[in-house]
Amino acid sequence: MNSRKLTLLYQRIRVHNKYQQQQERRRHYCSIERVKKLSAQFRRIASECGEDVEATVLEPDLKGGDASLDKYTTCWRGKWGVKGGEGRGNIVLRPSTTECVRGFVELCNKEGAKVVPQGGNTGLVGGGVPEGYDEVVLSTVRLNSVMSLDSSTSVITLSSGVILSDAIRHCADLGMLYPVDIGSKGTCNVGGNVSSNAGGIYFTRFGSIRDNLVGLTAVTGRGDVLEVGGCAMRKDSKGMDLRQVFVGGEGAFGIITMVKMRVWKKPTTREVAVVGVGGWEEVERLCERAQERMGGLVSAVEVMDRRVLELVKEKVGGGGMGWVGGARYYVLVETMGFDDERDRETLERFLEEVMEEGTVEDGVMAKGEEEIEAIWGVRESCGVAVNRAGGSWKYDVSLELRDWEEVGRMVEEKVRGLGGRLVIWGHLGDRNVHFNVVREKEDGGEGSDITDAIEPWLYEEVIRRGGSVSAEHGIGQCKGDLMEELIVGEAGMEYLRGIKQLFDPNHILNVGRNKTFRERDK
């Protein structure tokens, strides 16, 4: 092809691309007049509710250049959401009361404004960030005024915007244990945990959010304030349980403003050991032995492969990693109890037994709280290390332990020729494995080739083996297309849409994030 023809071709491509960009901007562009109108009405409502108006209503810069709202409109990985630019009209609302949330939702119904409920914006599936330039982000970060523990009923009442680590610390100071503990606890919010049905490291010992949720307050898409549950009695069979509609609902049915969670008596002992294991059969045997030998004392059993630990050492630092050697896998075992001498002896005896029978190659037992935190720090740095490695693809699934190695090997075969490599960690006790593919490139390594190689094959394989395509991360924008085909089926989808219609008849809540409900919106 001569240079003139090549130039004409490039010109045609540029014209076509410009046309596509203009069409996309028309779809998402929010007019200055509409933003000003909505903003003025939101400010009026905030003022009537006694809010700090300037802190509650954050207005975007539609001309671009202002990135101050990006932390609300873009997910922390930069994979989903919209960034500051010409035409972005995402107003950010940060109410501090349920009444103000209700007022905002009523106005959005009247004006036809779509709402994206958002907690701490720590999610991994794009469930809490806008897709278009005209959606309103309703952040719960300022709903944080209530944190009250009733020791007589072992129930804590929390505003939904309370940071998880604050709830954990508050309970600990009063001799209680909050049952949810996840890696993002320093920034995530308790309401967001309920909306995404977050799991965490203590799922096996203390149960799920569904198990521990006593009650909640939520503003539905209709603008109604619902207070559901609230009975602190463990035996409570008075009809259907409306609380569960909001657990894992990702804001599609209502915006949670208050939660009541059951808490546990804080154990007085905490012991941690980490052991090196040569093969996957030994990992399975070790997990089984831990439950047999120590039973109710076991609070967590975690696994990390050597490759992710090497990545942690390289990208985060090697502090507290003296126990990492040449084993293929490392298993962290934690126990909690109420008898200092006996509990430590129980874990020591268990380690001696599994070493004698050859299940483990080597291991160490933490001496005191400082070493315990150092070991857990390594485990919680796995995700950080992957994020710093360049491009990363995160898959959060549940599988029987016997399937982890085989499915992992299949993933690795699919990405090896594309420059990707697989690293694994997970929660052995509840069968939740994190398959993470990393590709280190100067451009960040992101690309559709690895995505196309893994999806939807991996999800189909997990379903075929009786597992879950989302163990604890949720659905969001990432897995919404799987709902009908792989998760609930056609009939199930019809019932879900019926529930959506009841709670949010105008479809203003989180329609774009969870693709389950997009059909009605369109």
# chains A, B, ... in the order shown; residues from 1 in each chain; ligands from 1
>>> closest_atom_pairs(of="stretch 80-114 of chain A", to="stretch 216-235 of chain A", cutoff="6 Å", atoms="only C-alpha atoms", output="Markdown table")
| residue | atom | partner | partner_atom | distance |
| --- | --- | --- | --- | --- |
| A:Arg102 | CA | A:Gly223 | CA | 5.3 |
| A:Val105 | CA | A:Gly223 | CA | 5.6 |
| A:Glu106 | CA | A:Gly223 | CA | 5.3 |
>>> residues_around(residues="A:Lys37", least_positions_apart="4", cutoff="12 Å", atoms="only C-alpha atoms", output="PyMOL selection string")
chain A and resi 30-33+41-44+59+89+91+107-108+111+113
>>> write_last_selection(atoms="C-alpha atoms", output="PDB file, in the first residue's frame")
ATOM      1  CA  CYS A  30     -24.607  15.408  31.499  1.00  0.00           C
ATOM      2  CA  SER A  31     -25.593  18.991  30.723  1.00  0.00           C
ATOM      3  CA  ILE A  32     -24.432  21.843  32.922  1.00  0.00           C
ATOM      4  CA  GLU A  33     -28.056  22.922  33.333  1.00  0.00           C
ATOM      5  CA  GLN A  41     -32.259  20.609  44.856  1.00  0.00           C
ATOM      6  CA  PHE A  42     -29.854  18.279  46.664  1.00  0.00           C
ATOM      7  CA  ARG A  43     -28.424  21.231  48.561  1.00  0.00           C
ATOM      8  CA  ARG A  44     -31.917  22.318  49.588  1.00  0.00           C
ATOM      9  CA  GLU A  59     -20.597  19.120  42.489  1.00  0.00           C
ATOM     10  CA  GLY A  89     -21.692  15.212  35.638  1.00  0.00           C
ATOM     11  CA  ILE A  91     -22.758  14.599  41.600  1.00  0.00           C
ATOM     12  CA  LEU A 107     -35.757  13.479  44.514  1.00  0.00           C
ATOM     13  CA  CYS A 108     -33.877  11.055  42.246  1.00  0.00           C
ATOM     14  CA  GLU A 111     -36.070  13.604  38.394  1.00  0.00           C
ATOM     15  CA  ALA A 113     -31.665  10.347  38.190  1.00  0.00           C
TER      16      ALA A 113
END
>>> residues_around(residues="stretch 175-186 of chain A", least_positions_apart="3", cutoff="9 Å", atoms="only C-alpha atoms", output="tab-separated table (two decimals) with N, CA and C atoms, in the first residue's frame")
chain	number	residue	atom	x	y	z
A	122	THR	N	-14.03	-0.08	48.09
A	122	THR	CA	-12.91	-1.03	48.14
A	122	THR	C	-13.19	-2.29	47.35
A	151	SER	N	-23.79	-5.23	75.63
A	151	SER	CA	-23.12	-6.44	76.10
A	151	SER	C	-24.11	-7.48	76.61
A	154	SER	N	-25.19	-9.03	73.32
A	154	SER	CA	-24.07	-9.27	72.38
A	154	SER	C	-24.42	-8.80	70.98
A	156	ILE	N	-24.13	-5.32	68.39
A	156	ILE	CA	-23.60	-3.99	68.18
A	156	ILE	C	-24.41	-3.29	67.09
A	163	ILE	N	-16.15	2.47	59.61
A	163	ILE	CA	-15.06	1.68	59.04
A	163	ILE	C	-14.93	0.37	59.81
A	164	LEU	N	-14.74	-0.71	59.09
A	164	LEU	CA	-14.72	-2.04	59.71
A	164	LEU	C	-13.69	-2.15	60.82
A	165	SER	N	-12.48	-1.63	60.60
A	165	SER	CA	-11.44	-1.73	61.63
A	165	SER	C	-11.84	-1.01	62.91
A	166	ASP	N	-12.61	0.08	62.79
A	166	ASP	CA	-13.09	0.79	63.98
A	166	ASP	C	-14.09	-0.07	64.75
A	167	ALA	N	-14.95	-0.78	64.02
A	167	ALA	CA	-15.91	-1.67	64.68
A	167	ALA	C	-15.18	-2.81	65.38
A	168	ILE	N	-14.17	-3.37	64.72
A	168	ILE	CA	-13.38	-4.46	65.31
A	168	ILE	C	-12.69	-3.98	66.59
A	169	ARG	N	-12.09	-2.79	66.50
A	169	ARG	CA	-11.36	-2.24	67.66
A	169	ARG	C	-12.31	-1.91	68.80
A	170	HIS	N	-13.46	-1.34	68.49
A	170	HIS	CA	-14.44	-0.99	69.51
A	170	HIS	C	-14.90	-2.24	70.27
A	171	CYS	N	-15.19	-3.29	69.54
A	171	CYS	CA	-15.60	-4.55	70.17
A	171	CYS	C	-14.48	-5.12	71.04
A	172	ALA	N	-13.27	-5.11	70.52
A	172	ALA	CA	-12.13	-5.66	71.26
A	172	ALA	C	-11.91	-4.91	72.57
A	189	ASN	N	-16.45	-0.19	54.65
A	189	ASN	CA	-17.51	0.18	55.60
A	189	ASN	C	-18.39	-1.02	55.91
A	193	ASN	N	-20.01	-4.07	53.60
A	193	ASN	CA	-19.77	-5.49	53.87
A	193	ASN	C	-21.08	-6.28	53.75
A	198	ALA	N	-19.68	-9.78	52.30
A	198	ALA	CA	-18.25	-10.05	52.41
A	198	ALA	C	-17.99	-11.26	53.30
A	199	GLY	N	-16.92	-11.96	53.02
A	199	GLY	CA	-16.57	-13.16	53.78
A	199	GLY	C	-15.53	-12.89	54.84
A	200	GLY	N	-14.27	-13.14	54.49
A	200	GLY	CA	-13.19	-12.84	55.42
A	200	GLY	C	-12.56	-14.07	56.03
A	201	ILE	N	-11.61	-13.83	56.91
A	201	ILE	CA	-10.75	-14.91	57.42
A	201	ILE	C	-11.42	-15.74	58.51
A	202	TYR	N	-12.46	-15.20	59.17
A	202	TYR	CA	-13.06	-15.92	60.29
A	202	TYR	C	-14.42	-16.52	59.95
A	203	PHE	N	-14.69	-16.67	58.67
A	203	PHE	CA	-15.96	-17.21	58.20
A	203	PHE	C	-16.23	-18.60	58.80
A	205	ARG	N	-15.07	-20.09	61.55
A	205	ARG	CA	-15.26	-20.17	63.01
A	205	ARG	C	-16.50	-19.40	63.48
A	206	PHE	N	-16.68	-18.19	62.98
A	206	PHE	CA	-17.72	-17.32	63.52
A	206	PHE	C	-18.91	-17.10	62.58
A	207	GLY	N	-18.85	-17.67	61.39
A	207	GLY	CA	-19.99	-17.62	60.49
A	207	GLY	C	-19.98	-16.45	59.52
A	208	SER	N	-20.97	-16.43	58.65
A	208	SER	CA	-21.08	-15.43	57.59
A	208	SER	C	-21.80	-14.19	58.10
A	209	ILE	N	-21.85	-13.17	57.26
A	209	ILE	CA	-22.65	-11.99	57.58
A	209	ILE	C	-24.12	-12.38	57.71
A	212	ASN	N	-24.72	-13.65	61.18
A	212	ASN	CA	-24.52	-12.73	62.29
A	212	ASN	C	-25.34	-11.44	62.20
A	261	MET	N	-25.30	-6.16	64.32
A	261	MET	CA	-24.57	-7.41	64.15
A	261	MET	C	-24.37	-8.12	65.49
A	262	ARG	N	-24.47	-9.44	65.45
A	262	ARG	CA	-24.16	-10.23	66.64
A	262	ARG	C	-22.64	-10.30	66.79
A	263	VAL	N	-22.15	-10.09	67.99
A	263	VAL	CA	-20.72	-10.18	68.27
A	263	VAL	C	-20.48	-11.32	69.25
A	264	TRP	N	-19.22	-11.70	69.38
A	264	TRP	CA	-18.85	-12.87	70.16
A	264	TRP	C	-17.94	-12.47	71.32
A	265	LYS	N	-18.00	-13.29	72.37
A	265	LYS	CA	-17.06	-13.09	73.47
A	265	LYS	C	-15.64	-13.25	72.93
A	266	LYS	N	-14.80	-12.25	73.19
A	266	LYS	CA	-13.45	-12.28	72.65
A	266	LYS	C	-12.61	-13.36	73.34
A	267	PRO	N	-12.06	-14.30	72.56
A	267	PRO	CA	-11.19	-15.32	73.16
A	267	PRO	C	-10.00	-14.68	73.86
A	380	GLU	N	-1.89	-10.91	54.43
A	380	GLU	CA	-2.74	-9.83	53.93
A	380	GLU	C	-2.03	-8.96	52.89
A	381	SER	N	-0.74	-9.20	52.67
A	381	SER	CA	0.01	-8.48	51.64
A	381	SER	C	-0.05	-9.16	50.28
A	383	GLY	N	-2.58	-9.66	48.22
A	383	GLY	CA	-3.32	-8.84	47.26
A	383	GLY	C	-2.58	-7.58	46.89
>>> residues_around(residues="stretch 276-292 of chain A", least_positions_apart="6", cutoff="7 Å", atoms="only C-alpha atoms", output="NGL selection string")
:A and (327-331 or 359-363 or 401 or 405)
>>> write_last_selection(atoms="all heavy atoms", output="compact mmCIF listing (two decimals), in the first residue's frame")
# COMPACT_ATOMS: atom_id res chain seq x y z
N ALA A 327 9.37 -24.76 50.32
CA ALA A 327 8.15 -25.54 50.20
C ALA A 327 7.25 -24.97 49.10
O ALA A 327 7.28 -23.78 48.81
CB ALA A 327 7.40 -25.57 51.53
N ARG A 328 6.43 -25.82 48.54
CA ARG A 328 5.54 -25.39 47.45
C ARG A 328 4.38 -24.56 47.98
O ARG A 328 3.92 -23.62 47.32
CB ARG A 328 5.02 -26.61 46.70
CG ARG A 328 4.23 -26.27 45.46
CD ARG A 328 3.87 -27.52 44.69
NE ARG A 328 3.08 -27.22 43.51
CZ ARG A 328 2.55 -28.13 42.71
NH1 ARG A 328 2.75 -29.42 42.98
NH2 ARG A 328 1.83 -27.79 41.67
N TYR A 329 3.86 -24.94 49.16
CA TYR A 329 2.74 -24.22 49.78
C TYR A 329 3.06 -23.93 51.24
O TYR A 329 3.80 -24.68 51.88
CB TYR A 329 1.45 -25.05 49.71
CG TYR A 329 0.98 -25.39 48.33
CD1 TYR A 329 1.20 -26.66 47.79
CD2 TYR A 329 0.30 -24.46 47.55
CE1 TYR A 329 0.76 -26.99 46.52
CE2 TYR A 329 -0.14 -24.78 46.28
CZ TYR A 329 0.09 -26.04 45.76
OH TYR A 329 -0.35 -26.36 44.50
N TYR A 330 2.44 -22.87 51.74
CA TYR A 330 2.55 -22.54 53.16
C TYR A 330 1.14 -22.37 53.72
O TYR A 330 0.31 -21.67 53.14
CB TYR A 330 3.39 -21.29 53.37
CG TYR A 330 4.86 -21.56 53.15
CD1 TYR A 330 5.40 -21.52 51.87
CD2 TYR A 330 5.68 -21.93 54.21
CE1 TYR A 330 6.73 -21.82 51.65
CE2 TYR A 330 7.02 -22.22 54.00
CZ TYR A 330 7.53 -22.17 52.73
OH TYR A 330 8.85 -22.49 52.52
N VAL A 331 0.91 -23.04 54.85
CA VAL A 331 -0.41 -23.02 55.47
C VAL A 331 -0.33 -22.33 56.83
O VAL A 331 0.51 -22.69 57.66
CB VAL A 331 -0.97 -24.45 55.63
CG1 VAL A 331 -2.32 -24.42 56.35
CG2 VAL A 331 -1.11 -25.13 54.27
N THR A 359 3.36 -34.95 56.96
CA THR A 359 2.43 -34.08 56.24
C THR A 359 3.05 -32.72 55.92
O THR A 359 2.78 -32.13 54.88
CB THR A 359 1.15 -33.87 57.06
OG1 THR A 359 0.56 -35.15 57.34
CG2 THR A 359 0.14 -33.01 56.31
N VAL A 360 3.89 -32.22 56.83
CA VAL A 360 4.54 -30.92 56.61
C VAL A 360 6.05 -31.09 56.61
O VAL A 360 6.61 -32.03 57.18
CB VAL A 360 4.13 -29.90 57.70
CG1 VAL A 360 2.63 -29.77 57.76
CG2 VAL A 360 4.69 -30.27 59.06
N GLU A 361 6.72 -30.15 55.93
CA GLU A 361 8.18 -30.19 55.81
C GLU A 361 8.86 -29.42 56.95
O GLU A 361 9.90 -29.82 57.45
CB GLU A 361 8.61 -29.61 54.46
CG GLU A 361 8.11 -30.42 53.27
CD GLU A 361 8.53 -29.80 51.95
OE1 GLU A 361 9.17 -28.72 51.95
OE2 GLU A 361 8.22 -30.40 50.90
N ASP A 362 8.31 -28.27 57.30
CA ASP A 362 8.87 -27.45 58.37
C ASP A 362 7.80 -26.50 58.86
O ASP A 362 6.70 -26.43 58.28
CB ASP A 362 10.11 -26.67 57.90
CG ASP A 362 9.84 -25.86 56.64
OD1 ASP A 362 8.72 -25.33 56.51
OD2 ASP A 362 10.73 -25.74 55.79
N GLY A 363 8.08 -25.78 59.92
CA GLY A 363 7.08 -24.85 60.41
C GLY A 363 7.58 -24.05 61.59
O GLY A 363 8.58 -24.40 62.22
N LEU A 401 -11.65 -28.63 47.97
CA LEU A 401 -10.19 -28.61 48.01
C LEU A 401 -9.58 -29.53 46.96
O LEU A 401 -8.51 -29.21 46.40
CB LEU A 401 -9.69 -29.01 49.40
CG LEU A 401 -10.06 -28.08 50.56
CD1 LEU A 401 -9.36 -28.53 51.84
CD2 LEU A 401 -9.69 -26.64 50.25
N GLU A 405 -6.03 -27.61 42.87
CA GLU A 405 -4.78 -27.77 42.12
C GLU A 405 -5.05 -28.01 40.64
O GLU A 405 -4.40 -27.43 39.78
CB GLU A 405 -3.96 -28.91 42.69
CG GLU A 405 -2.59 -29.05 42.04
CD GLU A 405 -1.73 -30.09 42.70
OE1 GLU A 405 -2.24 -31.21 42.96
OE2 GLU A 405 -0.55 -29.81 42.96
>>> select_by_dssp(residues="stretch 387-445 of chain A", states="strand (DSSP E)", output="list in words")
Gly391, Ser392, Trp393, Lys394, Tyr395, Asp396, Val397, Ser398, Arg421, Leu422, Val423, Ile424, Trp425, Gly426, His427, Asn432, Val433, His434, Phe435, Asn436, Val437, Val438 and Arg439 of chain A
>>> write_last_selection(atoms="N, CA and C atoms", output="mmCIF file, in the first residue's frame")
data_model
loop_
_atom_site.group_PDB
_atom_site.id
_atom_site.type_symbol
_atom_site.label_atom_id
_atom_site.label_comp_id
_atom_site.auth_asym_id
_atom_site.auth_seq_id
_atom_site.Cartn_x
_atom_site.Cartn_y
_atom_site.Cartn_z
ATOM 1 N N GLY A 391 -0.108 -5.877 35.365
ATOM 2 C CA GLY A 391 -1.482 -6.280 35.086
ATOM 3 C C GLY A 391 -1.885 -7.413 36.011
ATOM 4 N N SER A 392 -3.133 -7.407 36.440
ATOM 5 C CA SER A 392 -3.596 -8.486 37.309
ATOM 6 C C SER A 392 -5.044 -8.818 36.993
ATOM 7 N N TRP A 393 -5.360 -10.085 37.073
ATOM 8 C CA TRP A 393 -6.701 -10.602 36.852
ATOM 9 C C TRP A 393 -7.061 -11.421 38.076
ATOM 10 N N LYS A 394 -8.136 -11.023 38.761
ATOM 11 C CA LYS A 394 -8.473 -11.610 40.054
ATOM 12 C C LYS A 394 -9.728 -12.463 39.936
ATOM 13 N N TYR A 395 -9.629 -13.702 40.396
ATOM 14 C CA TYR A 395 -10.764 -14.620 40.346
ATOM 15 C C TYR A 395 -10.996 -15.202 41.730
ATOM 16 N N ASP A 396 -12.174 -14.906 42.262
ATOM 17 C CA ASP A 396 -12.566 -15.273 43.614
ATOM 18 C C ASP A 396 -13.671 -16.312 43.515
ATOM 19 N N VAL A 397 -13.333 -17.593 43.738
ATOM 20 C CA VAL A 397 -14.306 -18.665 43.563
ATOM 21 C C VAL A 397 -14.252 -19.616 44.753
ATOM 22 N N SER A 398 -15.290 -20.434 44.880
ATOM 23 C CA SER A 398 -15.310 -21.503 45.878
ATOM 24 C C SER A 398 -15.274 -22.836 45.158
ATOM 25 N N ARG A 421 1.269 -15.437 34.669
ATOM 26 C CA ARG A 421 1.594 -16.507 35.603
ATOM 27 C C ARG A 421 0.602 -16.469 36.759
ATOM 28 N N LEU A 422 0.298 -17.653 37.252
ATOM 29 C CA LEU A 422 -0.729 -17.801 38.273
ATOM 30 C C LEU A 422 -0.125 -17.837 39.663
ATOM 31 N N VAL A 423 -0.722 -17.082 40.587
ATOM 32 C CA VAL A 423 -0.379 -17.183 42.001
ATOM 33 C C VAL A 423 -1.678 -17.456 42.754
ATOM 34 N N ILE A 424 -1.554 -18.206 43.854
ATOM 35 C CA ILE A 424 -2.743 -18.679 44.561
ATOM 36 C C ILE A 424 -2.623 -18.416 46.052
ATOM 37 N N TRP A 425 -3.733 -17.985 46.644
ATOM 38 C CA TRP A 425 -3.905 -18.037 48.091
ATOM 39 C C TRP A 425 -5.384 -18.212 48.363
ATOM 40 N N GLY A 426 -5.726 -18.495 49.599
ATOM 41 C CA GLY A 426 -7.143 -18.663 49.876
ATOM 42 C C GLY A 426 -7.430 -19.129 51.280
ATOM 43 N N HIS A 427 -8.732 -19.268 51.546
ATOM 44 C CA HIS A 427 -9.237 -19.679 52.851
ATOM 45 C C HIS A 427 -9.609 -21.160 52.766
ATOM 46 N N ASN A 432 -12.613 -21.187 49.837
ATOM 47 C CA ASN A 432 -12.561 -19.998 48.981
ATOM 48 C C ASN A 432 -11.134 -19.790 48.468
ATOM 49 N N VAL A 433 -10.954 -19.989 47.162
ATOM 50 C CA VAL A 433 -9.624 -19.842 46.563
ATOM 51 C C VAL A 433 -9.574 -18.563 45.738
ATOM 52 N N HIS A 434 -8.429 -17.884 45.803
ATOM 53 C CA HIS A 434 -8.180 -16.694 45.001
ATOM 54 C C HIS A 434 -7.143 -17.048 43.938
ATOM 55 N N PHE A 435 -7.612 -17.242 42.698
ATOM 56 C CA PHE A 435 -6.719 -17.427 41.557
ATOM 57 C C PHE A 435 -6.375 -16.041 41.023
ATOM 58 N N ASN A 436 -5.111 -15.688 41.037
ATOM 59 C CA ASN A 436 -4.687 -14.377 40.535
ATOM 60 C C ASN A 436 -3.650 -14.558 39.434
ATOM 61 N N VAL A 437 -3.934 -13.999 38.282
ATOM 62 C CA VAL A 437 -2.978 -14.030 37.170
ATOM 63 C C VAL A 437 -2.285 -12.676 37.106
ATOM 64 N N VAL A 438 -0.978 -12.683 37.045
ATOM 65 C CA VAL A 438 -0.216 -11.442 36.939
ATOM 66 C C VAL A 438 0.624 -11.475 35.667
ATOM 67 N N ARG A 439 0.817 -10.291 35.112
ATOM 68 C CA ARG A 439 1.676 -10.151 33.940
ATOM 69 C C ARG A 439 2.423 -8.835 34.088
#
>>> atom_distance(atom1="atom CA of A:Glu250", atom2="atom CA of A:Glu400")
26.3 Å
>>> atom_distance(atom1="atom CA of A:Ser159", atom2="atom CA of A:Leu502")
25.2 Å
>>> residues_around(residues="A:Thr335", least_positions_apart="4", cutoff="12 Å", atoms="only C-alpha atoms", output="number ranges by chain")
A: 202, 204-205, 267-274, 290-291, 293-301, 339-340, 342-348, 350, 365-366, 372
>>> select_by_dssp(residues="stretch 90-317 of chain A", states="helix (DSSP H, G or I)", output="ChimeraX atom specification")
/A:98-111,164-173,190-196,203-206,209-212,242-245,280-297,306-315
>>> closest_atom_pairs(of="stretch 73-140 of chain A", to="stretch 464-484 of chain A", cutoff="12 Å", atoms="only C-alpha atoms", output="Markdown table")
| residue | atom | partner | partner_atom | distance |
| --- | --- | --- | --- | --- |
| A:Cys75 | CA | A:Gln477 | CA | 11.4 |
| A:Lys79 | CA | A:Cys478 | CA | 10.1 |
| A:Trp80 | CA | A:Gln477 | CA | 8.1 |
| A:Gly81 | CA | A:Gln477 | CA | 9.9 |
| A:Val116 | CA | A:Gly476 | CA | 11.4 |
| A:Pro117 | CA | A:Gly476 | CA | 11.9 |
| A:Gln118 | CA | A:Gly476 | CA | 11.9 |
| A:Thr122 | CA | A:His473 | CA | 10.2 |
| A:Gly123 | CA | A:His473 | CA | 7.0 |
| A:Leu124 | CA | A:His473 | CA | 6.3 |
| A:Val125 | CA | A:Cys478 | CA | 5.0 |
| A:Gly126 | CA | A:Gln477 | CA | 5.2 |
| A:Gly127 | CA | A:Gly476 | CA | 3.8 |
| A:Gly128 | CA | A:Gly476 | CA | 7.6 |
| A:Val129 | CA | A:Gln477 | CA | 9.4 |
| A:Pro130 | CA | A:Gln477 | CA | 10.1 |
| A:Glu131 | CA | A:Gln477 | CA | 9.1 |
>>> closest_residue(among="A:Phe253, A:Phe246, A:Phe104, A:Tyr72", to="A:Gln501", atoms="only C-alpha atoms")
A:Phe253
